[in-house]
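Beneath this line is the structure, given in structure tokens, with notes to follow.
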Amino acid sequence: MGAGKNKTFTLGEIAKLTESTLVGDPQYKILGYADLESASEHEISFLSSPRYTKTRYASLVKHSQAGAIFVTTDSSISEKRNYLIHADPSKAFQIIVEAFLGENIKYTYFTSIHQAAVIHETATIGEHVTIGPNAVIDAYVVIGDHSTIGPVSFIGPHTKIGAHSVIHPNVTIREGCEIGNHVVIQPGTVVGACGFGFSTSEKGVHTRIKQIGKVVIEDHVEIASNCSIDRARFTETRIGQGTKIDSNCVIGHNVTIGKHCIICGQTGIAGSTKIGNHVVIAGQCGIDGHLKIDNGVMVSAKSGVTKSLPKGKYGGHPARPIDQFNRTNVLLHQLETHIHDLKELKAGAKQDSMPPLQG
């Protein structure tokens with residue numbers, strides 16, 4: 001499926017490069033990489049997690065034509081195939097993919113500051129910064145060394161961006177926001193839009209409450225495409241260090257998200273909710289406002305969180321402990337059978353209550 005031009009690695013070289021333990025022929029040549037299903041005899045693939053060994057991935061490994069497969073230390077292996085054993089097969093696979101691609105991995109070929117960029121005279125631009133065509137850098141912006149601002153992105157006045165951060169094309173970062181070091185923001189995301197706050201009169205007329213706070217994004221945060229991170233009403237919305245936010249998420253005003261959290265796609269978090277560290281929220285979850293989600297909480301997909309959650313695993317709408325949620329689901333799946341049984345019991349009871357026929 002993929003390989004750099006004319007690049008070939010032996011399995012011995014791959015084992016050394018990825019710090020893996022090789023079970024197989026060290027001279028076997030690998031010409032590319034692919035997924036388990038489509039890999040050919042001279043391509044390498046991977047099995048990412050032991051928990052998949054009892055699913056369809058186990059069957060894919062058995063029938064895959066891959067010349068070698070990265071696996072974990074506790075995976076079952078066969079003498080008929082080459083294996084590379086690594087604690088994190090996905091990470092090892094990524095290393096060899098990038099080795100094949102080499103210098104072909106580039107998100108832009110623009111370097112330095114493009115002549116079509118618009119930069120206010122009061123902005124402070126660090127060393128080795130790249131600013132793409134038609135990007136707009138407003139007044140008193142500060143951009144740290146080695147950072148990149150993609151084409152057609154807007155950086156609002158008084159915003160600060162740290163070093164080694166990448167702001168991809170068509171990103172809007174509004175006034176007064178603070179972006180840390182090594183932050184990645186993908187295309188289409190808006191940081192610092194006004195929070196959704198209105199006052200309603202006795203006549204039902206909605207009037208916007210001015211949002212004068214900011215957004216603070218700490219170091220090593222990554223935000224995927226088409227997200228909205230709202231500014232606070234008067235303090236700050238904060239995304240903690242190392243947190244990763246998937247595409248199409250909405251983070252409301254005054255929300256605080258802790259360190260090293262995972263927020264999956266199409267999740268919405270309403271205003272003023274505080275989320276702890278190492279929290280995992282799966283896709284399409286809705287989190288109500290003014291709640292507290294403790295450190296280490298995990299919420300399954302399509303859940304609705306309406307109350308604060310202590311540490312644990314949750315699912316459902318409203319979200320409840322995952323064991324309770326799973327038991328309820330089992331009962332719901334059996335509902336048709338129970339209804340059928342009740343109908344039979346009712347019919348039998350009715351038959352028993354009928355008076356005997358007179359002969």
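For the structure tokens, the naming scheme is as follows: chains receive sequential letters (A, B, ...) according to their order of presentation, residues are indexed from 1 within each chain, and ligands are indexed from 1 in presentation order.
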**Item:** Shell around region 45-47 of chain A at 7 Å using only C-alpha atoms, local window under 2 positions removed, as a list of chain:residue names
**Value:**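 Neighbouring residues, sequence-local ones excluded: A:Tyr33, A:Ala34, A:Asp35, A:Leu36, A:Ala39, A:Glu43, A:Ser49, A:Ala66, A:Ala68, A:Ile69, A:Phe70, A:Val71, A:Pro89, A:Ser90, A:Phe93.
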**Message:** Residues of region 72-140 of chain A classed as helix (DSSP H, G or I) by DSSP on the backbone are to be reported as a ChimeraX atom specification.
**Reply:** /A:89-104
**Prompt:** Which polymer residues have any atom within 7 Å of an atom of Ile119 (chain A), counting only C-alpha atoms, with same-chain residues fewer than 6 positions away left out, as a ChimeraX atom specification?
**Reply:** /A:136-138
Just-selected residues, N, CA and C atoms written as an mmCIF file, in the first residue's frame:
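Heads up, here's the output in out-v5.cif:
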```cif
data_model
loop_
_atom_site.group_PDB
_atom_site.id
_atom_site.type_symbol
_atom_site.label_atom_id
_atom_site.label_comp_id
_atom_site.auth_asym_id
_atom_site.auth_seq_id
_atom_site.Cartn_x
_atom_site.Cartn_y
_atom_site.Cartn_z
ATOM 1 N N VAL A 136 -3.530 36.093 8.456
ATOM 2 C CA VAL A 136 -3.625 37.437 9.036
ATOM 3 C C VAL A 136 -3.179 37.364 10.495
ATOM 4 N N ILE A 137 -2.181 38.166 10.826
ATOM 5 C CA ILE A 137 -1.668 38.248 12.181
ATOM 6 C C ILE A 137 -1.985 39.647 12.687
ATOM 7 N N ASP A 138 -2.897 39.730 13.656
ATOM 8 C CA ASP A 138 -3.403 41.032 14.093
ATOM 9 C C ASP A 138 -2.452 41.681 15.111
#
```
**Request:** Would you mind reading off the distance between CA of Thr148 (chain A) and CA of His164 (chain A), one decimal, in Å?
**Result:**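 Separation between CA of Thr148 (chain A) and CA of His164 (chain A): 7.5 Å.
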**Message:** One number please: CA of Val279 (chain A) to CA of Val305 (chain A), in Å, one decimal.
**Reply:**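 Computing it gives 13.5 Å between the two atoms.
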**Asked** Please, which residues of region 248-297 of chain A, numbered as in this document, come out strand (DSSP E or B) from DSSP, as an MDAnalysis selection string?
**Response** chainID A and resid 250:251 256:257 262:263 268:269 274:275 280:281 286:287 292:293
**Message:** as a ChimeraX atom specification, please: the residues near region 256-259 of chain A (cut-off 10 Å, only C-alpha atoms, same-chain neighbours under 5 positions excluded).
**Reply:** /A:215-221,236-244,251,269,271-279,292-295
Kindly save the residues from that selection, with N, CA and C atoms included, as a PDB file, in the first residue's frame.
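Everything below was put into part-v9.pdb:
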```pdb
ATOM      1  N   VAL A 215      -9.418  31.953  26.037  1.00  0.00           N
ATOM      2  CA  VAL A 215      -9.138  30.519  26.010  1.00  0.00           C
ATOM      3  C   VAL A 215      -7.650  30.324  26.255  1.00  0.00           C
ATOM      4  N   VAL A 216      -7.308  29.392  27.138  1.00  0.00           N
ATOM      5  CA  VAL A 216      -5.913  29.024  27.390  1.00  0.00           C
ATOM      6  C   VAL A 216      -5.731  27.563  26.998  1.00  0.00           C
ATOM      7  N   ILE A 217      -4.806  27.316  26.092  1.00  0.00           N
ATOM      8  CA  ILE A 217      -4.499  25.954  25.657  1.00  0.00           C
ATOM      9  C   ILE A 217      -3.061  25.657  26.070  1.00  0.00           C
ATOM     10  N   GLU A 218      -2.889  24.673  26.928  1.00  0.00           N
ATOM     11  CA  GLU A 218      -1.567  24.379  27.482  1.00  0.00           C
ATOM     12  C   GLU A 218      -0.710  23.566  26.501  1.00  0.00           C
ATOM     13  N   ASP A 219       0.523  23.293  26.902  1.00  0.00           N
ATOM     14  CA  ASP A 219       1.500  22.625  26.031  1.00  0.00           C
ATOM     15  C   ASP A 219       1.042  21.226  25.601  1.00  0.00           C
ATOM     16  N   HIS A 220       1.450  20.866  24.387  1.00  0.00           N
ATOM     17  CA  HIS A 220       1.273  19.506  23.841  1.00  0.00           C
ATOM     18  C   HIS A 220      -0.197  19.113  23.673  1.00  0.00           C
ATOM     19  N   VAL A 221      -1.071  20.082  23.591  1.00  0.00           N
ATOM     20  CA  VAL A 221      -2.473  19.805  23.273  1.00  0.00           C
ATOM     21  C   VAL A 221      -2.623  19.670  21.764  1.00  0.00           C
ATOM     22  N   GLU A 236     -11.637  32.283  32.093  1.00  0.00           N
ATOM     23  CA  GLU A 236     -10.955  31.538  31.036  1.00  0.00           C
ATOM     24  C   GLU A 236     -11.580  30.165  30.825  1.00  0.00           C
ATOM     25  N   THR A 237     -11.533  29.725  29.580  1.00  0.00           N
ATOM     26  CA  THR A 237     -11.750  28.327  29.217  1.00  0.00           C
ATOM     27  C   THR A 237     -10.363  27.719  29.083  1.00  0.00           C
ATOM     28  N   ARG A 238     -10.110  26.566  29.710  1.00  0.00           N
ATOM     29  CA  ARG A 238      -8.744  26.028  29.740  1.00  0.00           C
ATOM     30  C   ARG A 238      -8.722  24.567  29.296  1.00  0.00           C
ATOM     31  N   ILE A 239      -7.766  24.264  28.408  1.00  0.00           N
ATOM     32  CA  ILE A 239      -7.517  22.884  27.966  1.00  0.00           C
ATOM     33  C   ILE A 239      -6.150  22.475  28.506  1.00  0.00           C
ATOM     34  N   GLY A 240      -6.113  21.436  29.339  1.00  0.00           N
ATOM     35  CA  GLY A 240      -4.898  21.061  30.055  1.00  0.00           C
ATOM     36  C   GLY A 240      -3.844  20.389  29.199  1.00  0.00           C
ATOM     37  N   GLN A 241      -2.663  20.396  29.711  1.00  0.00           N
ATOM     38  CA  GLN A 241      -1.481  19.862  29.028  1.00  0.00           C
ATOM     39  C   GLN A 241      -1.695  18.436  28.540  1.00  0.00           C
ATOM     40  N   GLY A 242      -1.313  18.201  27.289  1.00  0.00           N
ATOM     41  CA  GLY A 242      -1.326  16.851  26.733  1.00  0.00           C
ATOM     42  C   GLY A 242      -2.686  16.327  26.333  1.00  0.00           C
ATOM     43  N   THR A 243      -3.734  17.106  26.488  1.00  0.00           N
ATOM     44  CA  THR A 243      -5.080  16.648  26.130  1.00  0.00           C
ATOM     45  C   THR A 243      -5.240  16.610  24.611  1.00  0.00           C
ATOM     46  N   LYS A 244      -5.993  15.623  24.124  1.00  0.00           N
ATOM     47  CA  LYS A 244      -6.244  15.457  22.694  1.00  0.00           C
ATOM     48  C   LYS A 244      -7.757  15.508  22.452  1.00  0.00           C
ATOM     49  N   ILE A 251     -16.555  22.774  22.913  1.00  0.00           N
ATOM     50  CA  ILE A 251     -16.180  22.994  24.308  1.00  0.00           C
ATOM     51  C   ILE A 251     -16.744  24.352  24.714  1.00  0.00           C
ATOM     52  N   ILE A 269     -19.479  19.660  25.363  1.00  0.00           N
ATOM     53  CA  ILE A 269     -19.360  19.889  26.803  1.00  0.00           C
ATOM     54  C   ILE A 269     -19.903  21.278  27.099  1.00  0.00           C
ATOM     55  N   GLY A 271     -21.209  24.736  29.239  1.00  0.00           N
ATOM     56  CA  GLY A 271     -20.439  25.720  29.973  1.00  0.00           C
ATOM     57  C   GLY A 271     -20.208  25.420  31.434  1.00  0.00           C
ATOM     58  N   SER A 272     -19.008  25.805  31.894  1.00  0.00           N
ATOM     59  CA  SER A 272     -18.612  25.802  33.307  1.00  0.00           C
ATOM     60  C   SER A 272     -18.428  24.416  33.907  1.00  0.00           C
ATOM     61  N   THR A 273     -18.433  23.385  33.079  1.00  0.00           N
ATOM     62  CA  THR A 273     -18.130  22.048  33.592  1.00  0.00           C
ATOM     63  C   THR A 273     -16.626  21.890  33.770  1.00  0.00           C
ATOM     64  N   LYS A 274     -16.232  21.203  34.833  1.00  0.00           N
ATOM     65  CA  LYS A 274     -14.821  20.981  35.131  1.00  0.00           C
ATOM     66  C   LYS A 274     -14.517  19.491  34.999  1.00  0.00           C
ATOM     67  N   ILE A 275     -13.553  19.184  34.148  1.00  0.00           N
ATOM     68  CA  ILE A 275     -13.178  17.797  33.869  1.00  0.00           C
ATOM     69  C   ILE A 275     -11.767  17.568  34.389  1.00  0.00           C
ATOM     70  N   GLY A 276     -11.573  16.480  35.114  1.00  0.00           N
ATOM     71  CA  GLY A 276     -10.281  16.194  35.735  1.00  0.00           C
ATOM     72  C   GLY A 276      -9.230  15.719  34.758  1.00  0.00           C
ATOM     73  N   ASN A 277      -8.164  15.141  35.293  1.00  0.00           N
ATOM     74  CA  ASN A 277      -7.054  14.634  34.483  1.00  0.00           C
ATOM     75  C   ASN A 277      -7.310  13.200  34.031  1.00  0.00           C
ATOM     76  N   HIS A 278      -6.748  12.856  32.876  1.00  0.00           N
ATOM     77  CA  HIS A 278      -6.799  11.481  32.354  1.00  0.00           C
ATOM     78  C   HIS A 278      -8.232  10.971  32.195  1.00  0.00           C
ATOM     79  N   VAL A 279      -9.125  11.847  31.833  1.00  0.00           N
ATOM     80  CA  VAL A 279     -10.518  11.477  31.562  1.00  0.00           C
ATOM     81  C   VAL A 279     -10.645  11.081  30.093  1.00  0.00           C
ATOM     82  N   LYS A 292     -18.968  18.403  37.620  1.00  0.00           N
ATOM     83  CA  LYS A 292     -17.583  18.063  37.945  1.00  0.00           C
ATOM     84  C   LYS A 292     -17.353  16.597  37.601  1.00  0.00           C
ATOM     85  N   ILE A 293     -16.401  16.361  36.714  1.00  0.00           N
ATOM     86  CA  ILE A 293     -16.046  15.004  36.300  1.00  0.00           C
ATOM     87  C   ILE A 293     -14.674  14.703  36.887  1.00  0.00           C
ATOM     88  N   ASP A 294     -14.596  13.715  37.768  1.00  0.00           N
ATOM     89  CA  ASP A 294     -13.359  13.451  38.502  1.00  0.00           C
ATOM     90  C   ASP A 294     -12.260  12.867  37.627  1.00  0.00           C
ATOM     91  N   ASN A 295     -11.032  12.870  38.157  1.00  0.00           N
ATOM     92  CA  ASN A 295      -9.889  12.271  37.470  1.00  0.00           C
ATOM     93  C   ASN A 295     -10.171  10.812  37.113  1.00  0.00           C
TER      94      ASN A 295
END
```
**Atom-to-atom span, CA of Glu13 (chain A) and CA of Tyr28 (chain A), Å** =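 These two atoms are separated by 9.9 Å.
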**Item:** Spatial neighbours of Ile223 (chain A), 8 Å, only C-alpha atoms, chain gap at least 6 places, as a PyMOL selection string
**Value:** chain A and resi 184-186+189+244-247
Restricting the output to N, CA and C atoms, write the selected residues as a short mmCIF file (atom, residue, chain, number, x, y, z; two decimals), in the first residue's frame.
```cif
data_model
loop_
_atom_site.label_atom_id
_atom_site.label_comp_id
_atom_site.auth_asym_id
_atom_site.auth_seq_id
_atom_site.Cartn_x
_atom_site.Cartn_y
_atom_site.Cartn_z
N VAL A 184 -0.93 21.57 18.41
CA VAL A 184 -1.35 21.35 17.03
C VAL A 184 -2.85 21.62 16.93
N ILE A 185 -3.23 22.49 16.01
CA ILE A 185 -4.65 22.78 15.77
C ILE A 185 -4.94 22.54 14.30
N GLN A 186 -5.84 21.62 14.01
CA GLN A 186 -6.13 21.20 12.64
C GLN A 186 -7.11 22.16 11.95
N THR A 189 -10.85 24.68 12.78
CA THR A 189 -11.17 24.87 14.20
C THR A 189 -11.19 26.36 14.55
N LYS A 244 -5.99 15.62 24.12
CA LYS A 244 -6.24 15.46 22.69
C LYS A 244 -7.76 15.51 22.45
N ILE A 245 -8.17 16.39 21.54
CA ILE A 245 -9.59 16.58 21.23
C ILE A 245 -9.83 16.22 19.77
N ASP A 246 -10.76 15.32 19.55
CA ASP A 246 -11.07 14.81 18.21
C ASP A 246 -11.92 15.83 17.43
N SER A 247 -12.21 15.52 16.18
CA SER A 247 -12.94 16.43 15.29
C SER A 247 -14.38 16.67 15.75
#
```
**Request:** Would you kindly return, as a ChimeraX atom specification, each protein, DNA or RNA residue with an atom no farther than 12 Å from any atom of region 78-88 of chain A, considering only C-alpha atoms and excluding same-chain residues fewer than 3 positions away?
**Result:** /A:10-30,41-50,61-75,91-96
Keeping C-alpha atoms for every residue in the selection just given, could you write it to a file as a PDB file, in the first residue's frame?
```
ATOM      1  CA  THR A  10      15.318  -6.159   6.001  1.00  0.00           C
ATOM      2  CA  LEU A  11      13.494  -7.412   9.076  1.00  0.00           C
ATOM      3  CA  GLY A  12      16.789  -7.219  10.967  1.00  0.00           C
ATOM      4  CA  GLU A  13      17.003  -3.510  10.122  1.00  0.00           C
ATOM      5  CA  ILE A  14      13.371  -2.948  11.082  1.00  0.00           C
ATOM      6  CA  ALA A  15      13.855  -4.716  14.406  1.00  0.00           C
ATOM      7  CA  LYS A  16      16.813  -2.470  15.203  1.00  0.00           C
ATOM      8  CA  LEU A  17      15.057   0.696  14.047  1.00  0.00           C
ATOM      9  CA  THR A  18      11.920   0.002  16.097  1.00  0.00           C
ATOM     10  CA  GLU A  19      13.673  -1.689  19.040  1.00  0.00           C
ATOM     11  CA  SER A  20      11.550  -4.795  18.504  1.00  0.00           C
ATOM     12  CA  THR A  21      12.313  -8.460  19.087  1.00  0.00           C
ATOM     13  CA  LEU A  22      12.329 -10.361  15.789  1.00  0.00           C
ATOM     14  CA  VAL A  23      10.911 -13.859  15.500  1.00  0.00           C
ATOM     15  CA  GLY A  24      11.745 -14.903  11.960  1.00  0.00           C
ATOM     16  CA  ASP A  25      14.245 -14.313   9.165  1.00  0.00           C
ATOM     17  CA  PRO A  26      16.405 -11.192   9.699  1.00  0.00           C
ATOM     18  CA  GLN A  27      17.276 -11.092   5.956  1.00  0.00           C
ATOM     19  CA  TYR A  28      13.654 -11.103   4.795  1.00  0.00           C
ATOM     20  CA  LYS A  29      13.014  -7.976   2.695  1.00  0.00           C
ATOM     21  CA  ILE A  30      10.115  -5.600   3.320  1.00  0.00           C
ATOM     22  CA  GLU A  41       4.045 -10.982   1.243  1.00  0.00           C
ATOM     23  CA  HIS A  42       6.666  -8.198   1.224  1.00  0.00           C
ATOM     24  CA  GLU A  43       4.684  -5.676   3.269  1.00  0.00           C
ATOM     25  CA  ILE A  44       4.592  -5.225   7.022  1.00  0.00           C
ATOM     26  CA  SER A  45       1.500  -4.740   9.185  1.00  0.00           C
ATOM     27  CA  PHE A  46       0.539  -4.712  12.871  1.00  0.00           C
ATOM     28  CA  LEU A  47      -1.946  -6.000  15.444  1.00  0.00           C
ATOM     29  CA  SER A  48      -2.410  -3.055  17.765  1.00  0.00           C
ATOM     30  CA  SER A  49      -3.940  -4.451  20.948  1.00  0.00           C
ATOM     31  CA  PRO A  50      -4.222  -7.821  22.727  1.00  0.00           C
ATOM     32  CA  VAL A  61      -3.911 -12.229  11.331  1.00  0.00           C
ATOM     33  CA  LYS A  62      -4.497 -15.868  10.498  1.00  0.00           C
ATOM     34  CA  HIS A  63      -5.379 -15.167   6.864  1.00  0.00           C
ATOM     35  CA  SER A  64      -3.161 -12.128   6.251  1.00  0.00           C
ATOM     36  CA  GLN A  65      -0.523 -12.368   3.542  1.00  0.00           C
ATOM     37  CA  ALA A  66       1.724  -9.847   5.321  1.00  0.00           C
ATOM     38  CA  GLY A  67       5.412 -10.679   5.265  1.00  0.00           C
ATOM     39  CA  ALA A  68       5.748  -9.613   8.896  1.00  0.00           C
ATOM     40  CA  ILE A  69       3.453  -8.370  11.667  1.00  0.00           C
ATOM     41  CA  PHE A  70       4.147  -6.248  14.734  1.00  0.00           C
ATOM     42  CA  VAL A  71       2.496  -7.858  17.782  1.00  0.00           C
ATOM     43  CA  THR A  72       2.546  -7.525  21.565  1.00  0.00           C
ATOM     44  CA  THR A  73       4.510  -9.798  23.875  1.00  0.00           C
ATOM     45  CA  ASP A  74       1.416 -11.830  24.839  1.00  0.00           C
ATOM     46  CA  SER A  75       0.118 -12.417  21.302  1.00  0.00           C
ATOM     47  CA  LYS A  91       3.895   2.963  17.640  1.00  0.00           C
ATOM     48  CA  ALA A  92       6.504   0.620  16.134  1.00  0.00           C
ATOM     49  CA  PHE A  93       4.513   0.404  12.908  1.00  0.00           C
ATOM     50  CA  GLN A  94       4.368   4.208  12.737  1.00  0.00           C
ATOM     51  CA  ILE A  95       8.158   4.386  13.030  1.00  0.00           C
ATOM     52  CA  ILE A  96       8.667   2.145  10.009  1.00  0.00           C
TER      53      ILE A  96
END
```
**Surrounding residues of Pro169 (chain A) excluding itself and chain neighbours under 5 positions, 7 Å, only C-alpha atoms, as JSON, numbers by chain** = {"A": [150, 151, 152, 153, 187]}
